[in-house]
Every structure is written in structure tokens, then in C-alpha cells.
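See below for protein-v3.tsv, which holds TSV, C-alpha atoms.
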```
chain	number	residue	atom	x	y	z
A	86	MET	CA	30.27	-10.99	-56.67
A	87	LYS	CA	26.73	-11.11	-55.24
A	88	LYS	CA	27.60	-14.33	-53.39
A	89	LEU	CA	30.72	-12.68	-51.94
A	90	LEU	CA	28.76	-9.64	-50.70
A	91	ALA	CA	26.10	-11.88	-49.16
A	92	SER	CA	28.78	-13.89	-47.35
A	93	MET	CA	30.44	-10.71	-46.02
A	94	ILE	CA	27.09	-9.39	-44.77
A	95	ALA	CA	26.31	-12.70	-43.03
A	96	ILE	CA	29.74	-12.76	-41.33
A	97	SER	CA	29.39	-9.11	-40.22
A	98	THR	CA	25.92	-9.79	-38.80
A	99	ALA	CA	27.15	-12.81	-36.87
A	100	LEU	CA	30.08	-10.87	-35.42
A	101	PHE	CA	27.73	-8.04	-34.39
A	102	MET	CA	25.38	-10.50	-32.64
A	103	VAL	CA	28.30	-12.14	-30.80
A	104	ALA	CA	29.58	-8.72	-29.71
A	105	CYS	CA	26.14	-7.76	-28.43
A	106	GLY	CA	25.87	-11.05	-26.57
A	107	LYS	CA	29.23	-10.48	-24.88
A	108	SER	CA	28.30	-6.93	-23.99
A	109	GLY	CA	25.01	-8.04	-22.46
A	110	GLY	CA	26.74	-10.80	-20.51
A	111	ASP	CA	29.24	-8.33	-19.04
A	112	SER	CA	26.46	-5.96	-17.91
A	113	ASN	CA	24.84	-8.78	-15.98
A	114	ASN	CA	28.02	-9.34	-13.98
A	115	ASN	CA	28.97	-5.73	-13.29
A	116	THR	CA	27.06	-2.94	-11.58
A	117	PRO	CA	26.34	-0.20	-14.16
A	118	THR	CA	27.56	3.33	-13.65
A	119	CYS	CA	24.52	5.45	-12.80
A	120	ALA	CA	24.11	9.17	-13.46
A	121	ASN	CA	24.94	11.57	-10.65
A	122	GLY	CA	22.18	11.66	-8.03
A	123	THR	CA	20.92	8.15	-8.78
A	124	ILE	CA	21.85	4.70	-7.46
A	125	TRP	CA	21.57	1.11	-8.70
A	126	ASN	CA	18.79	-0.88	-7.01
A	127	GLY	CA	19.61	-4.21	-8.66
A	128	SER	CA	17.63	-3.62	-11.83
A	129	ALA	CA	17.68	0.11	-12.65
A	130	CYS	CA	19.24	3.46	-11.78
A	131	ILE	CA	16.80	5.34	-9.55
A	132	LEU	CA	16.68	8.35	-7.26
A	133	PRO	CA	17.64	7.39	-3.68
A	134	ASN	CA	15.27	7.63	-0.74
A	135	GLY	CA	12.11	8.10	-2.73
A	136	GLY	CA	12.59	11.33	-4.65
A	137	THR	CA	10.60	12.37	-7.67
A	138	GLY	CA	11.24	9.02	-9.32
A	139	GLY	CA	9.20	7.16	-6.70
A	140	GLY	CA	12.11	4.90	-5.84
A	141	ASN	CA	11.89	4.21	-2.10
A	142	ILE	CA	15.56	3.21	-1.84
A	143	VAL	CA	17.22	4.53	1.31
A	144	THR	CA	20.92	5.20	1.79
A	145	THR	CA	20.61	5.71	5.57
A	146	THR	CA	18.21	4.36	8.19
A	147	VAL	CA	14.88	6.18	8.35
A	148	GLY	CA	12.09	5.76	10.89
A	149	PHE	CA	8.35	6.48	11.09
A	150	ALA	CA	5.92	6.26	14.01
A	151	ASP	CA	2.36	6.94	15.11
A	152	GLY	CA	0.29	6.53	18.26
A	153	SER	CA	-3.25	7.00	19.49
A	154	THR	CA	-2.06	9.72	21.89
A	155	ARG	CA	0.83	12.19	21.93
A	156	TYR	CA	4.15	10.34	22.02
A	157	THR	CA	7.89	10.99	22.23
A	158	ILE	CA	10.42	9.10	20.11
A	159	ALA	CA	14.06	9.88	19.33
A	160	ASN	CA	13.80	12.89	21.68
A	161	ARG	CA	11.06	14.40	19.52
A	162	ASP	CA	7.44	15.00	20.50
A	163	PHE	CA	4.58	14.15	18.12
A	164	ALA	CA	0.79	14.45	18.16
A	165	GLY	CA	-0.53	10.93	17.58
A	166	SER	CA	-3.20	10.27	14.97
A	167	LEU	CA	-3.70	6.50	15.21
A	168	ARG	CA	-7.34	5.53	15.65
A	169	ILE	CA	-8.97	2.12	15.91
A	170	THR	CA	-11.48	1.64	13.10
A	171	ASN	CA	-12.44	-1.97	13.77
A	172	ARG	CA	-12.72	-2.87	17.44
A	173	SER	CA	-13.23	-6.60	16.88
A	174	GLY	CA	-10.17	-6.65	14.61
A	175	TYR	CA	-8.13	-4.87	17.29
A	176	LYS	CA	-9.29	-7.42	19.88
A	177	GLU	CA	-8.05	-10.20	17.59
A	178	PHE	CA	-4.70	-8.45	17.32
A	179	LEU	CA	-4.43	-7.98	21.10
A	180	ARG	CA	-5.54	-11.55	21.70
A	181	GLU	CA	-3.24	-13.28	19.18
A	182	ALA	CA	-0.36	-11.03	18.11
A	183	LEU	CA	0.37	-9.47	21.52
A	184	ALA	CA	-1.28	-12.37	23.42
A	185	ILE	CA	-1.82	-10.16	26.47
A	186	CYS	CA	-5.54	-10.75	27.07
A	187	ASP	CA	-8.35	-13.27	26.58
A	188	ARG	CA	-5.71	-15.93	26.98
A	189	ASN	CA	-8.11	-18.51	28.38
A	190	SER	CA	-10.87	-17.94	25.84
A	191	HIS	CA	-9.01	-19.83	23.06
A	192	ILE	CA	-10.19	-23.19	24.42
A	193	TRP	CA	-12.14	-22.78	27.63
A	194	GLY	CA	-12.20	-20.20	30.41
A	195	ARG	CA	-12.95	-16.61	31.34
A	196	ASP	CA	-10.86	-13.43	31.66
A	197	TYR	CA	-11.67	-10.32	33.69
A	198	GLY	CA	-10.25	-6.84	34.15
A	199	LEU	CA	-6.80	-6.40	32.59
A	200	ALA	CA	-6.95	-10.02	31.49
A	201	ASN	CA	-9.89	-9.19	29.22
A	202	CYS	CA	-9.27	-7.69	25.75
A	203	ASP	CA	-12.33	-5.46	26.00
A	204	THR	CA	-10.46	-3.49	28.67
A	205	TRP	CA	-7.50	-2.92	26.34
A	206	THR	CA	-9.53	-1.79	23.31
A	207	SER	CA	-10.22	1.52	25.06
A	208	GLY	CA	-6.50	2.05	25.65
A	209	THR	CA	-3.71	3.22	23.36
A	210	LEU	CA	-1.60	1.66	20.61
A	211	PHE	CA	1.79	2.79	19.29
A	212	LEU	CA	3.46	1.78	16.05
A	213	SER	CA	6.94	2.47	14.71
A	214	PHE	CA	9.26	1.07	12.08
A	215	THR	CA	12.79	1.69	10.86
A	216	ILE	CA	14.29	0.67	7.54
A	217	GLY	CA	17.87	0.91	6.30
A	218	PRO	CA	19.76	0.35	3.04
A	219	ASN	CA	19.08	-3.40	3.21
A	220	MET	CA	15.36	-2.53	2.77
A	221	ILE	CA	14.32	-4.92	5.57
A	222	PRO	CA	11.95	-3.05	7.93
A	223	ALA	CA	11.95	-3.56	11.70
A	224	VAL	CA	8.49	-3.04	13.24
A	225	VAL	CA	7.53	-2.36	16.87
A	226	LEU	CA	3.95	-2.36	18.24
A	227	ARG	CA	3.06	-1.55	21.85
A	228	ALA	CA	-0.37	-1.41	23.54
A	229	TYR	CA	-1.49	0.15	26.83
A	230	PRO	CA	-4.81	-0.25	28.66
A	231	PRO	CA	-6.76	2.86	29.77
A	232	ALA	CA	-4.95	4.76	32.51
A	233	ALA	CA	-7.59	3.90	35.12
A	234	SER	CA	-7.12	0.19	34.42
A	235	TYR	CA	-3.59	0.21	35.82
A	236	PHE	CA	-5.18	0.13	39.26
A	237	SER	CA	-7.69	-2.52	38.26
A	238	TYR	CA	-7.42	-6.25	38.77
A	239	GLY	CA	-6.83	-8.99	36.28
A	240	PHE	CA	-8.26	-12.45	36.78
A	241	SER	CA	-8.33	-15.53	34.57
A	242	PHE	CA	-9.32	-19.12	34.89
A	243	GLY	CA	-9.41	-21.94	32.40
A	244	ILE	CA	-7.00	-23.39	29.85
A	245	ASP	CA	-4.36	-20.98	28.50
A	246	ALA	CA	-3.46	-21.73	24.87
A	247	ALA	CA	-2.34	-18.27	23.75
A	248	GLY	CA	1.42	-18.86	23.57
A	249	MET	CA	4.05	-16.29	24.50
A	250	ALA	CA	2.90	-12.73	25.24
A	251	HIS	CA	4.74	-9.88	23.49
A	252	ASN	CA	4.16	-6.27	24.52
A	253	PRO	CA	6.00	-4.54	22.98
A	254	LEU	CA	5.99	-6.77	19.94
A	255	TYR	CA	9.27	-6.58	17.99
A	256	LEU	CA	9.13	-7.86	14.41
A	257	ASN	CA	12.44	-7.85	12.55
A	258	ASN	CA	12.69	-11.29	11.00
A	259	GLN	CA	11.79	-11.88	7.33
A	260	ASN	CA	9.84	-8.63	7.07
A	261	THR	CA	9.33	-7.28	3.55
A	262	PHE	CA	8.94	-3.87	1.93
A	263	SER	CA	7.24	-3.58	-1.47
A	264	LEU	CA	5.66	-1.00	-3.74
A	265	ILE	CA	1.89	-1.29	-4.26
A	266	PRO	CA	-0.76	0.70	-6.15
A	267	ASP	CA	-2.34	3.61	-4.29
A	268	LYS	CA	-6.06	3.61	-3.49
A	269	GLU	CA	-6.83	5.04	-6.92
A	270	GLY	CA	-5.01	2.11	-8.54
A	271	ASN	CA	-1.96	4.08	-9.69
A	272	HIS	CA	0.92	1.63	-9.94
A	273	SER	CA	3.78	1.81	-7.38
A	274	GLN	CA	2.54	5.06	-5.81
A	275	ALA	CA	2.23	3.51	-2.32
A	276	PHE	CA	4.09	0.92	-0.29
A	277	GLU	CA	3.42	-1.97	2.07
A	278	ILE	CA	5.37	-3.50	4.94
A	279	ARG	CA	4.54	-7.11	5.72
A	280	ALA	CA	5.60	-9.00	8.84
A	281	ASN	CA	4.59	-12.35	10.25
A	282	GLY	CA	3.57	-12.34	13.88
A	283	ALA	CA	5.72	-13.83	16.64
A	284	ALA	CA	6.76	-17.43	16.02
A	285	ASP	CA	5.88	-18.49	19.58
A	286	ASN	CA	2.20	-17.54	19.61
A	287	LEU	CA	-0.85	-17.86	17.35
A	288	SER	CA	0.07	-14.87	15.16
A	289	GLY	CA	3.14	-16.57	13.71
A	290	ARG	CA	1.01	-17.98	10.88
A	291	TYR	CA	-0.52	-14.65	9.91
A	292	LEU	CA	0.48	-11.31	8.41
A	293	ILE	CA	0.64	-7.91	10.03
A	294	GLN	CA	0.44	-5.27	7.28
A	295	ILE	CA	1.28	-1.56	7.24
A	296	GLN	CA	-0.10	-0.11	4.01
A	297	ALA	CA	0.88	3.44	3.08
A	298	HIS	CA	-1.86	5.15	1.09
A	299	LYS	CA	0.47	7.18	-1.13
A	300	GLY	CA	4.05	8.39	-0.87
A	301	THR	CA	7.62	7.24	-0.38
A	302	LEU	CA	10.14	6.89	2.41
A	303	ALA	CA	11.33	10.40	1.56
A	304	ASN	CA	8.09	11.95	2.83
A	305	SER	CA	7.80	13.45	6.31
A	306	GLU	CA	4.20	12.22	6.76
A	307	ILE	CA	2.36	9.26	5.21
A	308	GLN	CA	-1.23	8.17	5.73
A	309	TYR	CA	-1.52	4.43	6.35
A	310	ASP	CA	-3.71	1.48	7.36
A	311	LEU	CA	-2.78	-1.26	9.84
A	312	ALA	CA	-4.22	-4.73	9.20
A	313	TYR	CA	-4.29	-8.14	10.86
A	314	LYS	CA	-6.39	-11.28	10.56
A	315	ASN	CA	-10.00	-10.82	11.62
A	316	GLY	CA	-11.89	-14.02	11.06
A	317	LYS	CA	-10.55	-15.81	8.00
A	318	GLN	CA	-8.89	-12.89	6.21
A	319	ASN	CA	-6.83	-9.82	6.94
A	320	ALA	CA	-8.76	-6.63	7.65
A	321	VAL	CA	-7.78	-3.07	8.52
A	322	PHE	CA	-8.29	-2.35	12.22
A	323	ALA	CA	-6.46	0.98	12.58
A	324	THR	CA	-5.46	3.99	10.50
A	325	GLY	CA	-3.50	7.19	10.97
A	326	THR	CA	-0.57	9.27	9.74
A	327	LEU	CA	2.99	8.07	10.09
A	328	LYS	CA	5.46	10.82	11.11
A	329	ARG	CA	9.10	10.58	10.18
A	330	PHE	CA	11.34	10.77	13.27
A	331	GLN	CA	14.67	9.68	11.78
```

Represent the supplied structure as C-alpha cells.
Amino acid sequence: MKKLLASMIAISTALFMVACGKSGGDSNNNTPTCANGTIWNGSACILPNGGTGGGNIVTTTVGFADGSTRYTIANRDFAGSLRITNRSGYKEFLREALAICDRNSHIWGRDYGLANCDTWTSGTLFLSFTIGPNMIPAVVLRAYPPAASYFSYGFSFGIDAAGMAHNPLYLNNQNTFSLIPDKEGNHSQAFEIRANGAADNLSGRYLIQIQAHKGTLANSEIQYDLAYKNGKQNAVFATGTLKRFQ
């Protein structure tokens, strides 16, 4: 009798394990039904478009922007808050990512006036990005020299090795969006957008990073840092507050 009970228990346990295995296999092939107000992000049911769950999944396209002066985007007017915090880092960005100045200083030569990056560092910079349900951000960066410089000259001589100039710089290929810890180290309380520079100039080998300090894509305003290579490693060269325009 004891042997019979033991055999029945063993068979029941095996059947239960097989049933669980089948159930688990089915869930891997089918999208689960999420509770009302949440959506499936590939691994869990979360609140869409940020929300209190900290999800950062968007169901429509959203857009954020900032500039170092007042700007208009999507027929809306905003007070810009972008400020350059590292002038040498900004020069590197202008020189390599936009490739609009100091073009002859890469190998040999001199650049003057609008051809010199020092002229542009006193100008303005504008940043915007949009991101849709595919979670692939599209980034746009545009620089302007100081207003008085528009009537100045630009003169270069030497060997130009800067590659293609891009101003505005459109980055929408292989960009990534990811959650990161905030500045206090709290997990997934901030986010980062990473984009490689243009493939046809020196920046194609390096990252341009937009790092939100804290918040989600559901917020109307997000403080951020903008970083690019300065020397041998990436460094923040600008900061500000992104405003949601879409």
C-alpha cells in the first residue's frame, strides 16, 4: 500500500511539472493580458508613458526641446535654459560633431572669423528630440554664432580633414533610450538617450549623450546634461531643462 501511494504521488508530481512547463512555454509565445491602464513592454505590464510606475513607454510620439535663448517649436514659444558649462567641450562638439569650424586645425592650418570655433562658442545651441512607440529617439542639434558674427568674415587655409559638416545635425539611426540611476543613485529614476555622431565626419565613432537627471517621458519638464567626447572620454558640456512640446 505504501509503495502504491508513493507511486501515485510521483506520477502526480511529474504531471504537475509537465503542466507547469507547458504553461510557461505558452506564456513565452503569447503576449499576456495586462490589467486596465497598463501595457506589455516585452517583459512586464507597466503604466504607459511614464506614469507612477516609472515606465517610460510611450503610446504616441512625444517631443522635448531646449535652447540657449527663447525658441519656438511646434507653434509654441519657450524660454530657453540651455547653458554651456564646458567651453572646450563645446568647441570639440562644434569642431567634430557639427564640423562647422576649425576644419583646418585637425592636421595643419588656421581658421578665422566664422571659420573659427571660438566665434561659435559665444553663440546659441538648440536641442530637440522626439520618441514614439518604437522607443527609438530622433535627435536634432543646431548651433548659431553670435548675431554680430553674421556680418563677419570667415577665412581658412590649410588641410581640411573634418569630413561633412552638419548644422543642423539630425541623428535618427541606431539611437537608444534606456533607464539609468538618478544622481542620487536611485535605480531607473532617470533616463539617457545615446546617439553616435554623423557617419561621414569624425564624430561617427563617438557618443552624444542626453542624460535626464530624474523623471520620465510623461513629465512636462526634465533637467538634463548634454555630453560629448572631450579629450579621451565623454564629458558634459551643456545643461538645462527640457520642455515638452508634443

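Picture a line from CA of Gly300 (chain A) to CA of Thr157 (chain A); it runs 23.6 Å.
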
Could you work out how far CA of Asn219 (chain A) lies from CA of Pro117 (chain A), giving the answer in Å with one decimal? 19.1 Å

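Taking all atoms listed in the file into account, Ala275 (chain A) lies nearest to A:Asn141 out of the set A:Asn141, A:Glu177, A:Ala184, A:Leu256.
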
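Using all atoms listed in the file, the smallest distance between any of A:Gly248, A:Pro218, A:Pro231, A:Pro266 and Asn189 (chain A) comes from A:Gly248.
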
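Coordinates place CA of Val143 (chain A) at a distance of 6.2 Å from CA of Gly217 (chain A).
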
Enumerate, as a ChimeraX atom specification, the protein, DNA and RNA residues whose atoms approach (-5.4, -4.6, 6.3) to within 12 Å, taking into account all atoms listed in the file and the coordinate frame of the file. /A:170-171,174-175,178,277-279,291-298,309-315,318-324

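The residue set within 9 Å of Gly282 (chain A), counting only C-alpha atoms and dropping same-chain residues fewer than 3 places from it, reads Glu181, Ala182, Leu183, Leu254, Leu256, Asp285, Asn286, Leu287, Ser288, Gly289, Arg290, Tyr291, Leu292 and Ile293 of chain A.
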
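Taking only C-alpha atoms into account, the residues near (6.4, 8.3, 14.2), no farther than 7 Å, are Phe149, Ala150, Asp151, Ser213, Leu327, Lys328, Arg329 and Phe330 of chain A.
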
From the set A:Thr206, A:Ala223, A:Phe163, A:Lys299, which residue has the shortest atom-to-atom contact distance to Gly270 (chain A), counting all atoms listed in the file? A:Lys299

Name the closest residue to Ser166 (chain A) among the candidates A:Thr204, A:Thr116, A:Ser153, A:Ser305; distances are taken between atoms, counting all atoms listed in the file. A:Ser153

For Gly165 (chain A), the nearest of the candidates A:Ser263, A:Asn258, A:Thr209, A:Thr144, counting all atoms listed in the file: A:Thr209

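Distance annotation: of A:Asn260, A:Ser273, A:Asn201, A:Gln308, the residue with the minimal separation from Ile185 (chain A) is A:Asn201; atom set is only C-alpha atoms.
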
Once you add 6 Å to each side, what are the centre and edge lengths of the axis-aligned box holding all listed atoms of region 317-324 of chain A? One decimal in Å, as AutoDock Vina command-line options, if you can.
```
--center_x -8.0 --center_y -5.9 --center_z 9.4 --size_x 17.1 --size_y 31.8 --size_z 18.4
```

With a distance cut-off of 10 Å and only C-alpha atoms, select the neighbouring residues of Ile216 (chain A), excluding the residue or stretch itself and same-chain residues fewer than 5 positions from it, and output the selection as a PyMOL selection string. chain A and resi 142-149+221-224+262+302+331
